[in-house]
$ cat run_34.cif   # mmCIF, C-alpha atoms
data_data
loop_
_atom_site.group_PDB
_atom_site.id
_atom_site.type_symbol
_atom_site.label_atom_id
_atom_site.label_comp_id
_atom_site.auth_asym_id
_atom_site.auth_seq_id
_atom_site.Cartn_x
_atom_site.Cartn_y
_atom_site.Cartn_z
ATOM 1 C CA MET A 1 0.000 0.000 0.000
ATOM 2 C CA THR A 2 1.052 3.630 -0.499
ATOM 3 C CA PRO A 3 0.068 6.196 2.155
ATOM 4 C CA GLY A 4 -1.569 9.440 1.080
ATOM 5 C CA PRO A 5 0.233 12.782 1.370
ATOM 6 C CA SER A 6 -1.162 13.502 4.844
ATOM 7 C CA GLN A 7 -1.398 9.948 6.128
ATOM 8 C CA PRO A 8 1.282 8.494 8.401
ATOM 9 C CA ILE A 9 3.110 5.400 7.187
ATOM 10 C CA SER A 10 1.690 2.397 9.047
ATOM 11 C CA ILE A 11 4.227 -0.220 10.109
ATOM 12 C CA LEU A 12 3.772 -3.774 11.330
ATOM 13 C CA VAL A 13 6.814 -5.282 13.052
ATOM 14 C CA ALA A 14 7.347 -9.048 12.935
ATOM 15 C CA ALA A 15 10.041 -10.165 15.382
ATOM 16 C CA ASP A 16 10.517 -12.626 18.215
ATOM 17 C CA SER A 17 12.495 -10.278 20.459
ATOM 18 C CA PRO A 18 10.462 -8.229 22.976
ATOM 19 C CA LEU A 19 13.439 -5.884 23.412
ATOM 20 C CA LEU A 20 13.623 -5.207 19.678
ATOM 21 C CA LEU A 21 9.859 -4.769 19.425
ATOM 22 C CA GLY A 22 9.861 -2.259 22.262
ATOM 23 C CA ALA A 23 12.716 -0.267 20.769
ATOM 24 C CA LEU A 24 11.068 -0.112 17.354
ATOM 25 C CA GLN A 25 7.707 0.876 18.813
ATOM 26 C CA GLY A 26 9.373 3.751 20.660
ATOM 27 C CA THR A 27 11.201 4.826 17.506
ATOM 28 C CA PHE A 28 8.063 4.942 15.368
ATOM 29 C CA ASN A 29 5.901 6.570 18.041
ATOM 30 C CA ALA A 30 8.427 9.417 18.181
ATOM 31 C CA ALA A 31 8.131 10.129 14.438
ATOM 32 C CA PRO A 32 4.987 12.100 13.464
ATOM 33 C CA ASP A 33 4.877 10.672 9.940
ATOM 34 C CA LEU A 34 5.202 7.044 11.090
ATOM 35 C CA GLN A 35 2.605 4.903 12.857
ATOM 36 C CA PHE A 36 3.306 1.709 14.792
ATOM 37 C CA ALA A 37 0.393 -0.491 13.667
ATOM 38 C CA GLY A 38 1.216 -3.539 15.776
ATOM 39 C CA SER A 39 3.566 -6.463 16.204
ATOM 40 C CA VAL A 40 3.739 -10.205 15.534
ATOM 41 C CA GLU A 41 5.909 -12.682 17.448
ATOM 42 C CA GLN A 42 4.904 -15.967 15.789
ATOM 43 C CA PRO A 43 5.731 -16.791 12.137
ATOM 44 C CA GLU A 44 2.352 -18.401 11.469
ATOM 45 C CA SER A 45 0.567 -15.219 12.585
ATOM 46 C CA ILE A 46 2.356 -12.844 10.233
ATOM 47 C CA LEU A 47 0.200 -13.215 7.118
ATOM 48 C CA PRO A 48 -3.182 -13.178 8.941
ATOM 49 C CA ARG A 49 -2.044 -10.060 10.804
ATOM 50 C CA VAL A 50 -0.930 -8.388 7.571
ATOM 51 C CA ARG A 51 -4.283 -9.093 5.931
ATOM 52 C CA ASP A 52 -6.083 -7.735 8.975
ATOM 53 C CA LEU A 53 -4.087 -4.507 9.380
ATOM 54 C CA THR A 54 -2.989 -3.881 5.755
ATOM 55 C CA PRO A 55 0.105 -1.926 6.847
ATOM 56 C CA ASP A 56 2.155 0.116 4.397
ATOM 57 C CA VAL A 57 5.406 -1.537 5.499
ATOM 58 C CA VAL A 58 6.158 -4.792 7.290
ATOM 59 C CA LEU A 59 9.446 -4.737 9.173
ATOM 60 C CA LEU A 60 10.407 -8.401 9.122
ATOM 61 C CA HIS A 61 13.093 -9.844 11.381
ATOM 62 C CA VAL A 62 14.531 -12.767 9.434
ATOM 63 C CA SER A 63 16.114 -14.719 12.311
ATOM 64 C CA PHE A 64 12.967 -16.670 13.263
ATOM 65 C CA LEU A 65 11.697 -17.461 9.764
ATOM 66 C CA GLU A 66 14.557 -19.463 8.191
ATOM 67 C CA GLU A 67 13.169 -21.509 5.268
ATOM 68 C CA LEU A 68 9.791 -19.703 5.488
ATOM 69 C CA LEU A 69 11.323 -16.340 4.613
ATOM 70 C CA THR A 70 10.587 -16.203 0.862
ATOM 71 C CA THR A 71 7.102 -17.654 1.337
ATOM 72 C CA VAL A 72 6.243 -15.020 3.942
ATOM 73 C CA ILE A 73 7.679 -12.220 1.792
ATOM 74 C CA ALA A 74 5.574 -13.347 -1.164
ATOM 75 C CA GLY A 75 2.440 -13.460 0.990
ATOM 76 C CA ILE A 76 3.059 -9.973 2.375
ATOM 77 C CA THR A 77 3.605 -8.420 -1.036
ATOM 78 C CA GLU A 78 0.521 -10.160 -2.430
ATOM 79 C CA ALA A 79 -1.460 -8.516 0.372
ATOM 80 C CA GLY A 80 -0.272 -5.106 -0.852
ATOM 81 C CA SER A 81 2.321 -4.283 1.818
ATOM 82 C CA LYS A 82 6.030 -3.627 1.315
ATOM 83 C CA VAL A 83 8.718 -5.615 3.128
ATOM 84 C CA LEU A 84 11.824 -4.287 4.866
ATOM 85 C CA LEU A 85 14.054 -6.984 6.385
ATOM 86 C CA ILE A 86 15.940 -6.654 9.669
ATOM 87 C CA GLY A 87 19.330 -8.302 10.030
ATOM 88 C CA GLY A 88 19.825 -12.022 10.183
ATOM 89 C CA ALA A 89 22.608 -14.290 8.976
ATOM 90 C CA LEU A 90 21.760 -14.132 5.278
ATOM 91 C CA ASN A 91 24.356 -14.625 2.579
ATOM 92 C CA ASN A 92 24.387 -12.549 -0.600
ATOM 93 C CA ALA A 93 22.417 -15.175 -2.528
ATOM 94 C CA GLN A 94 19.653 -15.262 0.092
ATOM 95 C CA ILE A 95 19.476 -11.470 0.213
ATOM 96 C CA LEU A 96 19.173 -11.272 -3.562
ATOM 97 C CA GLN A 97 16.523 -14.004 -3.548
ATOM 98 C CA ALA A 98 14.554 -12.063 -0.911
ATOM 99 C CA LEU A 99 14.691 -8.950 -3.103
ATOM 100 C CA ILE A 100 13.566 -10.940 -6.133
ATOM 101 C CA GLN A 101 10.705 -12.381 -4.090
ATOM 102 C CA GLY A 102 9.471 -8.875 -3.289
ATOM 103 C CA ALA A 103 11.413 -7.395 -0.363
ATOM 104 C CA HIS A 104 12.367 -3.745 -0.791
ATOM 105 C CA GLY A 105 15.462 -3.696 1.387
ATOM 106 C CA ILE A 106 17.404 -4.853 4.417
ATOM 107 C CA ILE A 107 18.834 -3.066 7.450
ATOM 108 C CA GLY A 108 21.039 -4.222 10.291
ATOM 109 C CA ARG A 109 19.619 -5.002 13.716
ATOM 110 C CA LYS A 110 21.916 -2.383 15.256
ATOM 111 C CA SER A 111 20.811 0.406 12.916
ATOM 112 C CA THR A 112 20.196 3.802 14.494
ATOM 113 C CA SER A 113 16.679 5.142 14.978
ATOM 114 C CA ASP A 114 17.241 7.779 12.317
ATOM 115 C CA LEU A 115 18.446 5.181 9.798
ATOM 116 C CA ILE A 116 15.477 2.915 10.504
ATOM 117 C CA CYS A 117 13.011 5.765 9.972
ATOM 118 C CA ARG A 118 14.694 6.832 6.740
ATOM 119 C CA SER A 119 14.690 3.292 5.413
ATOM 120 C CA VAL A 120 10.982 2.844 6.206
ATOM 121 C CA ARG A 121 10.120 6.096 4.431
ATOM 122 C CA ALA A 122 12.155 5.067 1.393
ATOM 123 C CA VAL A 123 10.552 1.626 1.188
ATOM 124 C CA ALA A 124 7.050 3.083 1.649
ATOM 125 C CA ALA A 125 7.783 5.371 -1.314
ATOM 126 C CA GLY A 126 8.638 2.365 -3.464
ATOM 127 C CA GLU A 127 12.424 2.699 -3.292
ATOM 128 C CA PHE A 128 14.967 -0.019 -2.554
ATOM 129 C CA TRP A 129 17.129 0.215 0.559
ATOM 130 C CA VAL A 130 20.360 -1.668 1.258
ATOM 131 C CA SER A 131 23.241 -0.941 3.598
ATOM 132 C CA ARG A 132 26.551 0.337 2.285
ATOM 133 C CA THR A 133 28.199 -2.993 3.062
ATOM 134 C CA LEU A 134 25.837 -4.726 0.617
ATOM 135 C CA ALA A 135 25.895 -2.107 -2.112
ATOM 136 C CA ALA A 136 28.955 -3.407 -3.977
ATOM 137 C CA GLN A 137 27.673 -7.008 -4.002
ATOM 138 C CA LEU A 138 24.259 -5.957 -5.260
ATOM 139 C CA ILE A 139 25.802 -3.834 -7.990
ATOM 140 C CA ASP A 140 27.535 -6.990 -9.202
ATOM 141 C CA ALA A 141 24.272 -8.937 -8.953
ATOM 142 C CA LEU A 142 22.397 -6.358 -11.012
ATOM 143 C CA ARG A 143 24.738 -6.827 -13.958
ATOM 144 C CA ALA A 144 23.736 -9.323 -16.608
ATOM 145 C CA PRO A 145 24.955 -12.693 -15.317
ATOM 146 C CA LYS A 146 26.851 -15.251 -17.341
ATOM 147 C CA PRO A 147 25.004 -18.589 -17.063
ATOM 148 C CA ARG A 148 26.981 -21.721 -16.439
ATOM 149 C CA THR A 149 27.150 -24.029 -19.443
ATOM 150 C CA SER A 150 26.726 -27.257 -17.480
ATOM 151 C CA GLY A 151 24.124 -28.541 -15.041
ATOM 152 C CA PRO A 152 20.350 -28.572 -15.165
ATOM 153 C CA SER A 153 19.893 -24.840 -14.573
ATOM 154 C CA PRO A 154 22.150 -21.769 -14.793
ATOM 155 C CA ARG A 155 23.233 -20.546 -11.365
ATOM 156 C CA TRP A 156 25.765 -18.218 -9.833
ATOM 157 C CA ARG A 157 28.349 -19.429 -7.360
ATOM 158 C CA SER A 158 29.224 -17.249 -4.401
ATOM 159 C CA GLY A 159 32.634 -17.019 -2.810
ATOM 160 C CA ASP A 160 31.657 -19.490 -0.103
ATOM 161 C CA GLY A 161 30.629 -22.081 -2.695
ATOM 162 C CA ASN A 162 26.892 -21.668 -2.095
ATOM 163 C CA THR A 163 24.902 -22.468 -5.243
ATOM 164 C CA ASP A 164 21.410 -21.778 -3.900
ATOM 165 C CA GLN A 165 21.155 -18.669 -6.043
ATOM 166 C CA PRO A 166 18.683 -17.236 -8.560
ATOM 167 C CA ASN A 167 19.147 -18.001 -12.245
ATOM 168 C CA SER A 168 19.574 -15.523 -15.092
ATOM 169 C CA GLU A 169 15.836 -15.354 -15.863
ATOM 170 C CA GLN A 170 15.076 -14.353 -12.272
ATOM 171 C CA ILE A 171 17.837 -11.740 -12.290
ATOM 172 C CA THR A 172 16.543 -10.249 -15.520
ATOM 173 C CA SER A 173 13.029 -10.089 -14.047
ATOM 174 C CA PHE A 174 14.383 -8.427 -10.913
ATOM 175 C CA LYS A 175 16.352 -5.854 -12.893
ATOM 176 C CA THR A 176 13.255 -5.027 -14.913
ATOM 177 C CA SER A 177 11.089 -4.676 -11.813
ATOM 178 C CA ILE A 178 13.337 -2.074 -10.191
ATOM 179 C CA ALA A 179 13.793 0.057 -13.295
ATOM 180 C CA PHE A 180 11.403 2.819 -14.285
ATOM 181 C CA ASN A 181 9.593 2.323 -17.562
ATOM 182 C CA ASP A 182 10.546 5.852 -18.544
ATOM 183 C CA ARG A 183 13.990 7.298 -17.917
ATOM 184 C CA GLN A 184 13.901 9.998 -15.254
ATOM 185 C CA ASN A 185 16.633 12.478 -14.333
ATOM 186 C CA PHE A 186 15.271 13.427 -10.879
ATOM 187 C CA GLY A 187 15.938 17.103 -11.500
ATOM 188 C CA LEU A 188 19.616 16.601 -12.321
ATOM 189 C CA THR A 189 21.231 18.959 -14.810
ATOM 190 C CA LYS A 190 23.229 17.727 -17.805
ATOM 191 C CA ARG A 191 26.470 18.519 -15.960
ATOM 192 C CA GLU A 192 25.326 16.686 -12.826
ATOM 193 C CA LEU A 193 24.411 13.640 -14.922
ATOM 194 C CA GLN A 194 27.904 13.718 -16.454
ATOM 195 C CA ILE A 195 29.423 13.669 -12.975
ATOM 196 C CA VAL A 196 27.144 10.836 -11.838
ATOM 197 C CA GLU A 197 28.191 8.800 -14.887
ATOM 198 C CA SER A 198 31.855 9.412 -14.062
ATOM 199 C CA VAL A 199 31.399 8.357 -10.435
ATOM 200 C CA VAL A 200 29.604 5.168 -11.472
ATOM 201 C CA GLN A 201 32.535 4.367 -13.764
ATOM 202 C CA GLY A 202 34.857 4.577 -10.758
ATOM 203 C CA GLN A 203 36.491 7.967 -11.325
ATOM 204 C CA THR A 204 37.761 9.976 -8.371
ATOM 205 C CA ASN A 205 36.913 13.655 -7.908
ATOM 206 C CA LYS A 206 40.352 14.463 -9.312
ATOM 207 C CA ASP A 207 39.680 12.322 -12.403
ATOM 208 C CA VAL A 208 36.269 13.904 -12.970
ATOM 209 C CA ALA A 209 37.670 17.409 -12.554
ATOM 210 C CA ALA A 210 40.421 16.735 -15.105
ATOM 211 C CA SER A 211 38.041 15.211 -17.660
ATOM 212 C CA LEU A 212 35.536 18.070 -17.404
ATOM 213 C CA GLY A 213 38.039 20.910 -17.035
ATOM 214 C CA LEU A 214 36.800 21.863 -13.556
ATOM 215 C CA THR A 215 38.354 22.073 -10.095
ATOM 216 C CA GLU A 216 38.007 19.344 -7.472
ATOM 217 C CA TYR A 217 36.205 21.860 -5.244
ATOM 218 C CA THR A 218 33.609 22.399 -7.987
ATOM 219 C CA ILE A 219 33.118 18.653 -8.383
ATOM 220 C CA LYS A 220 32.579 18.293 -4.613
ATOM 221 C CA HIS A 221 30.017 21.096 -4.781
ATOM 222 C CA TYR A 222 28.187 19.375 -7.644
ATOM 223 C CA LEU A 223 28.183 16.053 -5.768
ATOM 224 C CA THR A 224 26.711 17.695 -2.666
ATOM 225 C CA LYS A 225 23.832 18.996 -4.804
ATOM 226 C CA VAL A 226 23.397 15.573 -6.440
ATOM 227 C CA PHE A 227 23.272 13.841 -3.023
ATOM 228 C CA ASP A 228 20.571 16.267 -1.878
ATOM 229 C CA LYS A 229 18.459 15.816 -5.017
ATOM 230 C CA LEU A 230 18.637 12.015 -4.954
ATOM 231 C CA GLY A 231 18.452 11.557 -1.185
ATOM 232 C CA VAL A 232 21.679 9.554 -0.993
ATOM 233 C CA TYR A 233 24.433 9.991 1.558
ATOM 234 C CA ASN A 234 27.647 8.797 -0.064
ATOM 235 C CA ARG A 235 29.205 7.684 -3.344
ATOM 236 C CA VAL A 236 28.315 4.004 -2.880
ATOM 237 C CA GLU A 237 24.624 4.790 -2.414
ATOM 238 C CA LEU A 238 24.855 7.138 -5.418
ATOM 239 C CA VAL A 239 26.248 4.344 -7.615
ATOM 240 C CA LEU A 240 23.531 1.891 -6.561
ATOM 241 C CA PHE A 241 20.768 4.465 -7.011
ATOM 242 C CA ALA A 242 22.064 5.557 -10.430
ATOM 243 C CA ILE A 243 22.146 1.978 -11.732
ATOM 244 C CA ASN A 244 18.780 0.998 -10.252
ATOM 245 C CA GLN A 245 17.053 4.067 -11.677
ATOM 246 C CA ARG A 246 18.829 3.804 -15.039
ATOM 247 C CA LEU A 247 20.543 7.170 -14.779
ATOM 248 C CA CYS A 248 23.495 5.415 -16.408
ATOM 249 C CA ASN A 249 24.799 1.942 -17.151
ATOM 250 C CA ALA A 250 26.435 -0.348 -14.620
ATOM 251 C CA PRO A 251 30.244 -0.277 -14.646
ATOM 252 C CA ASP A 252 32.105 -3.094 -16.355
ATOM 253 C CA GLY A 253 35.499 -4.669 -15.777
ATOM 254 C CA ALA A 254 38.124 -2.458 -14.182
ATOM 255 C CA ALA A 255 35.687 0.454 -13.996
ATOM 256 C CA GLY A 256 33.385 -1.663 -11.860
ATOM 257 C CA GLU A 257 36.193 -2.492 -9.471
ATOM 258 C CA ARG A 258 37.054 1.197 -9.097
ATOM 259 C CA ALA A 259 33.392 2.063 -8.509
ATOM 260 C CA LYS A 260 33.111 -0.524 -5.727
ATOM 261 C CA ALA A 261 36.289 0.781 -4.110
#
$ encode --input "run_34.cif" --output "structure tokens"
Amino acid sequence: MTPGPSQPISILVAADSPLLLGALQGTFNAAPDLQFAGSVEQPESILPRVRDLTPDVVLLHVSFLEELLTTVIAGITEAGSKVLLIGGALNNAQILQALIQGAHGIIGRKSTSDLICRSVRAVAAGEFWVSRTLAAQLIDALRAPKPRTSGPSPRWRSGDGNTDQPNSEQITSFKTSIAFNDRQNFGLTKRELQIVESVVQGQTNKDVAASLGLTEYTIKHYLTKVFDKLGVYNRVELVLFAINQRLCNAPDGAAGERAKA
């Protein structure tokens, strides 16, 4: 669901920790544009509660769901609510699978109150939210994968050898789902778009300044304006946002490595 312009964002929290539930309730009660709609402490009660309350966002703690995670995410999204995951020992493949299944982001259990509120607002607005530590991995995942030539189905293999990962068809579907049908510039000027493209390709401020014939101070000033317009807080978030919203293409090869660094 999407709240109206004057309606607070309603949030249902699903977690098995009373301490976490209490902290989140206090956080949301202190924000005038957020509304704590209720809580769930049993996995089997999540979907009935979602259908009953129809919250805008379900904050879902993954630690007590295990193999039920993707099923619950699918049920929540089918009911019209958006899903924001909290922490848990998920590997990159599981995180990507959760996003493909319908989750809009993931935050750490030790996130600050301000970060939690910002992530909920972003997810309620239809944006994707991931931590900086996951941004580089997800940038890689959003690139067109190279299917394996052997085996019954194409899969990726993570660094830890885990093969329980989505295939190329799922990745393509996911990439399509997070991209706007029409290219949007979000109020960026032609010069700002040039700078965004350079940052995505891994160039430093010094590199960008040299290529555009400007000073590093000017580039920093432009980037500050770009951060404000896009609602991002650092270069990594800028790269992820720019690729997701098709402001420019994902970096390839050595450029991709520089962008992640």
$ residues_near_point --input "run_34.cif" --point "(19.3, 14.2, -7.4)" --cutoff "10 Å" --atoms "only C-alpha atoms" --output "PyMOL selection string"
chain A and resi 185-189+192-193+196+223-232+238+241-242
$ atom_distance --input "run_34.cif" --atom1 "CA of Thr70 in chain A" --atom2 "CA of Gln101 in chain A"
6.3 Å
$ residues_around --input "run_34.cif" --residues "Ser17 in chain A" --least-positions-apart "4" --cutoff "12 Å" --atoms "all atoms listed in the file" --output "ChimeraX atom specification"
/A:13,21-24,39-42,60-64,86,109
$ atom_distance --input "run_34.cif" --atom1 "CA of Ala14 in chain A" --atom2 "CA of Val58 in chain A"
7.2 Å
$ atom_distance --input "run_34.cif" --atom1 "CA of Leu53 in chain A" --atom2 "CA of Ser81 in chain A"
9.9 Å
$ closest_residue --input "run_34.cif" --among "A:Ile11, A:Leu68, A:Leu240, A:Cys248" --to "Thr54 in chain A" --atoms "all atoms listed in the file"
A:Ile11
$ resolve_selection --input "run_34.cif" --expression "the PyMOL selection byres ((chain A and resi 104) around 7)" --output "mmCIF file with C-alpha atoms, keeping the file's coordinate frame"
data_model
loop_
_atom_site.group_PDB
_atom_site.id
_atom_site.type_symbol
_atom_site.label_atom_id
_atom_site.label_comp_id
_atom_site.auth_asym_id
_atom_site.auth_seq_id
_atom_site.Cartn_x
_atom_site.Cartn_y
_atom_site.Cartn_z
ATOM 1 C CA LYS A 82 6.030 -3.627 1.315
ATOM 2 C CA VAL A 83 8.718 -5.615 3.128
ATOM 3 C CA LEU A 84 11.824 -4.287 4.866
ATOM 4 C CA LEU A 99 14.691 -8.950 -3.103
ATOM 5 C CA GLY A 102 9.471 -8.875 -3.289
ATOM 6 C CA ALA A 103 11.413 -7.395 -0.363
ATOM 7 C CA GLY A 105 15.462 -3.696 1.387
ATOM 8 C CA VAL A 123 10.552 1.626 1.188
ATOM 9 C CA GLU A 127 12.424 2.699 -3.292
ATOM 10 C CA PHE A 128 14.967 -0.019 -2.554
ATOM 11 C CA TRP A 129 17.129 0.215 0.559
#
$ closest_residue --input "run_34.cif" --among "A:Leu69, A:Ile116, A:Leu247, A:Ala210" --to "Glu197 in chain A" --atoms "all atoms listed in the file"
A:Leu247
$ residues_around --input "run_34.cif" --residues "Pro8 in chain A" --least-positions-apart "3" --cutoff "6 Å" --atoms "only C-alpha atoms" --output "ChimeraX atom specification"
/A:33-35
$ write_last_selection --input "run_34.cif" --atoms "C-alpha atoms" --output "short mmCIF file (atom, residue, chain, number, x, y, z; two decimals), in the coordinates of the input"
data_model
loop_
_atom_site.label_atom_id
_atom_site.label_comp_id
_atom_site.auth_asym_id
_atom_site.auth_seq_id
_atom_site.Cartn_x
_atom_site.Cartn_y
_atom_site.Cartn_z
CA ASP A 33 4.88 10.67 9.94
CA LEU A 34 5.20 7.04 11.09
CA GLN A 35 2.60 4.90 12.86
#
$ closest_residue --input "run_34.cif" --among "A:Ile219, A:Asp207, A:Val72, A:Thr27" --to "Ser111 in chain A" --atoms "all atoms listed in the file"
A:Thr27
$ decode --input "run_34.cif" --residues "range 221-250 of chain A" --atoms "N, CA and C atoms" --output "PDB file, in the first residue's frame"
ATOM      1  N   HIS A 221      31.238  20.286  -4.900  1.00  0.00           N
ATOM      2  CA  HIS A 221      30.017  21.096  -4.781  1.00  0.00           C
ATOM      3  C   HIS A 221      28.879  20.473  -5.593  1.00  0.00           C
ATOM      4  N   TYR A 222      29.191  20.034  -6.810  1.00  0.00           N
ATOM      5  CA  TYR A 222      28.187  19.375  -7.644  1.00  0.00           C
ATOM      6  C   TYR A 222      27.671  18.102  -6.961  1.00  0.00           C
ATOM      7  N   LEU A 223      28.590  17.309  -6.405  1.00  0.00           N
ATOM      8  CA  LEU A 223      28.183  16.053  -5.768  1.00  0.00           C
ATOM      9  C   LEU A 223      27.293  16.301  -4.559  1.00  0.00           C
ATOM     10  N   THR A 224      27.568  17.359  -3.804  1.00  0.00           N
ATOM     11  CA  THR A 224      26.711  17.695  -2.666  1.00  0.00           C
ATOM     12  C   THR A 224      25.287  17.974  -3.134  1.00  0.00           C
ATOM     13  N   LYS A 225      25.156  18.708  -4.249  1.00  0.00           N
ATOM     14  CA  LYS A 225      23.832  18.996  -4.804  1.00  0.00           C
ATOM     15  C   LYS A 225      23.159  17.729  -5.315  1.00  0.00           C
ATOM     16  N   VAL A 226      23.948  16.833  -5.938  1.00  0.00           N
ATOM     17  CA  VAL A 226      23.397  15.573  -6.440  1.00  0.00           C
ATOM     18  C   VAL A 226      22.898  14.717  -5.276  1.00  0.00           C
ATOM     19  N   PHE A 227      23.683  14.615  -4.195  1.00  0.00           N
ATOM     20  CA  PHE A 227      23.272  13.841  -3.023  1.00  0.00           C
ATOM     21  C   PHE A 227      21.940  14.350  -2.487  1.00  0.00           C
ATOM     22  N   ASP A 228      21.804  15.671  -2.407  1.00  0.00           N
ATOM     23  CA  ASP A 228      20.571  16.267  -1.878  1.00  0.00           C
ATOM     24  C   ASP A 228      19.378  15.956  -2.782  1.00  0.00           C
ATOM     25  N   LYS A 229      19.561  16.057  -4.088  1.00  0.00           N
ATOM     26  CA  LYS A 229      18.459  15.816  -5.017  1.00  0.00           C
ATOM     27  C   LYS A 229      18.013  14.359  -5.016  1.00  0.00           C
ATOM     28  N   LEU A 230      18.968  13.436  -4.875  1.00  0.00           N
ATOM     29  CA  LEU A 230      18.637  12.015  -4.954  1.00  0.00           C
ATOM     30  C   LEU A 230      18.367  11.390  -3.600  1.00  0.00           C
ATOM     31  N   GLY A 231      18.682  12.100  -2.521  1.00  0.00           N
ATOM     32  CA  GLY A 231      18.452  11.557  -1.185  1.00  0.00           C
ATOM     33  C   GLY A 231      19.433  10.464  -0.805  1.00  0.00           C
ATOM     34  N   VAL A 232      20.649  10.522  -1.354  1.00  0.00           N
ATOM     35  CA  VAL A 232      21.679   9.554  -0.993  1.00  0.00           C
ATOM     36  C   VAL A 232      22.708  10.237  -0.106  1.00  0.00           C
ATOM     37  N   TYR A 233      23.556   9.439   0.541  1.00  0.00           N
ATOM     38  CA  TYR A 233      24.433   9.991   1.558  1.00  0.00           C
ATOM     39  C   TYR A 233      25.918   9.768   1.287  1.00  0.00           C
ATOM     40  N   ASN A 234      26.245   9.020   0.264  1.00  0.00           N
ATOM     41  CA  ASN A 234      27.647   8.797  -0.064  1.00  0.00           C
ATOM     42  C   ASN A 234      27.744   8.272  -1.496  1.00  0.00           C
ATOM     43  N   ARG A 235      28.980   8.081  -1.952  1.00  0.00           N
ATOM     44  CA  ARG A 235      29.205   7.684  -3.344  1.00  0.00           C
ATOM     45  C   ARG A 235      28.674   6.277  -3.639  1.00  0.00           C
ATOM     46  N   VAL A 236      28.794   5.370  -2.662  1.00  0.00           N
ATOM     47  CA  VAL A 236      28.315   4.004  -2.880  1.00  0.00           C
ATOM     48  C   VAL A 236      26.807   3.993  -3.099  1.00  0.00           C
ATOM     49  N   GLU A 237      26.070   4.714  -2.249  1.00  0.00           N
ATOM     50  CA  GLU A 237      24.624   4.790  -2.414  1.00  0.00           C
ATOM     51  C   GLU A 237      24.270   5.472  -3.741  1.00  0.00           C
ATOM     52  N   LEU A 238      25.088   6.465  -4.139  1.00  0.00           N
ATOM     53  CA  LEU A 238      24.855   7.138  -5.418  1.00  0.00           C
ATOM     54  C   LEU A 238      24.996   6.160  -6.577  1.00  0.00           C
ATOM     55  N   VAL A 239      26.032   5.314  -6.544  1.00  0.00           N
ATOM     56  CA  VAL A 239      26.248   4.344  -7.615  1.00  0.00           C
ATOM     57  C   VAL A 239      25.070   3.381  -7.711  1.00  0.00           C
ATOM     58  N   LEU A 240      24.640   2.837  -6.560  1.00  0.00           N
ATOM     59  CA  LEU A 240      23.531   1.891  -6.561  1.00  0.00           C
ATOM     60  C   LEU A 240      22.249   2.539  -7.060  1.00  0.00           C
ATOM     61  N   PHE A 241      21.976   3.756  -6.590  1.00  0.00           N
ATOM     62  CA  PHE A 241      20.768   4.465  -7.011  1.00  0.00           C
ATOM     63  C   PHE A 241      20.803   4.730  -8.515  1.00  0.00           C
ATOM     64  N   ALA A 242      21.952   5.202  -9.023  1.00  0.00           N
ATOM     65  CA  ALA A 242      22.064   5.557 -10.430  1.00  0.00           C
ATOM     66  C   ALA A 242      21.830   4.358 -11.333  1.00  0.00           C
ATOM     67  N   ILE A 243      22.332   3.180 -10.925  1.00  0.00           N
ATOM     68  CA  ILE A 243      22.146   1.978 -11.732  1.00  0.00           C
ATOM     69  C   ILE A 243      20.703   1.496 -11.646  1.00  0.00           C
ATOM     70  N   ASN A 244      20.153   1.464 -10.428  1.00  0.00           N
ATOM     71  CA  ASN A 244      18.780   0.998 -10.252  1.00  0.00           C
ATOM     72  C   ASN A 244      17.777   1.841 -11.025  1.00  0.00           C
ATOM     73  N   GLN A 245      17.999   3.167 -11.030  1.00  0.00           N
ATOM     74  CA  GLN A 245      17.053   4.067 -11.677  1.00  0.00           C
ATOM     75  C   GLN A 245      17.447   4.403 -13.108  1.00  0.00           C
ATOM     76  N   ARG A 246      18.422   3.672 -13.643  1.00  0.00           N
ATOM     77  CA  ARG A 246      18.829   3.804 -15.039  1.00  0.00           C
ATOM     78  C   ARG A 246      19.299   5.213 -15.401  1.00  0.00           C
ATOM     79  N   LEU A 247      19.926   5.898 -14.456  1.00  0.00           N
ATOM     80  CA  LEU A 247      20.543   7.170 -14.779  1.00  0.00           C
ATOM     81  C   LEU A 247      21.752   6.958 -15.681  1.00  0.00           C
ATOM     82  N   CYS A 248      22.363   5.773 -15.566  1.00  0.00           N
ATOM     83  CA  CYS A 248      23.495   5.415 -16.408  1.00  0.00           C
ATOM     84  C   CYS A 248      23.653   3.907 -16.348  1.00  0.00           C
ATOM     85  N   ASN A 249      24.576   3.371 -17.113  1.00  0.00           N
ATOM     86  CA  ASN A 249      24.799   1.942 -17.151  1.00  0.00           C
ATOM     87  C   ASN A 249      25.689   1.495 -16.001  1.00  0.00           C
ATOM     88  N   ALA A 250      25.575   0.219 -15.646  1.00  0.00           N
ATOM     89  CA  ALA A 250      26.435  -0.348 -14.620  1.00  0.00           C
ATOM     90  C   ALA A 250      27.870  -0.385 -15.123  1.00  0.00           C
TER      91      ALA A 250
END
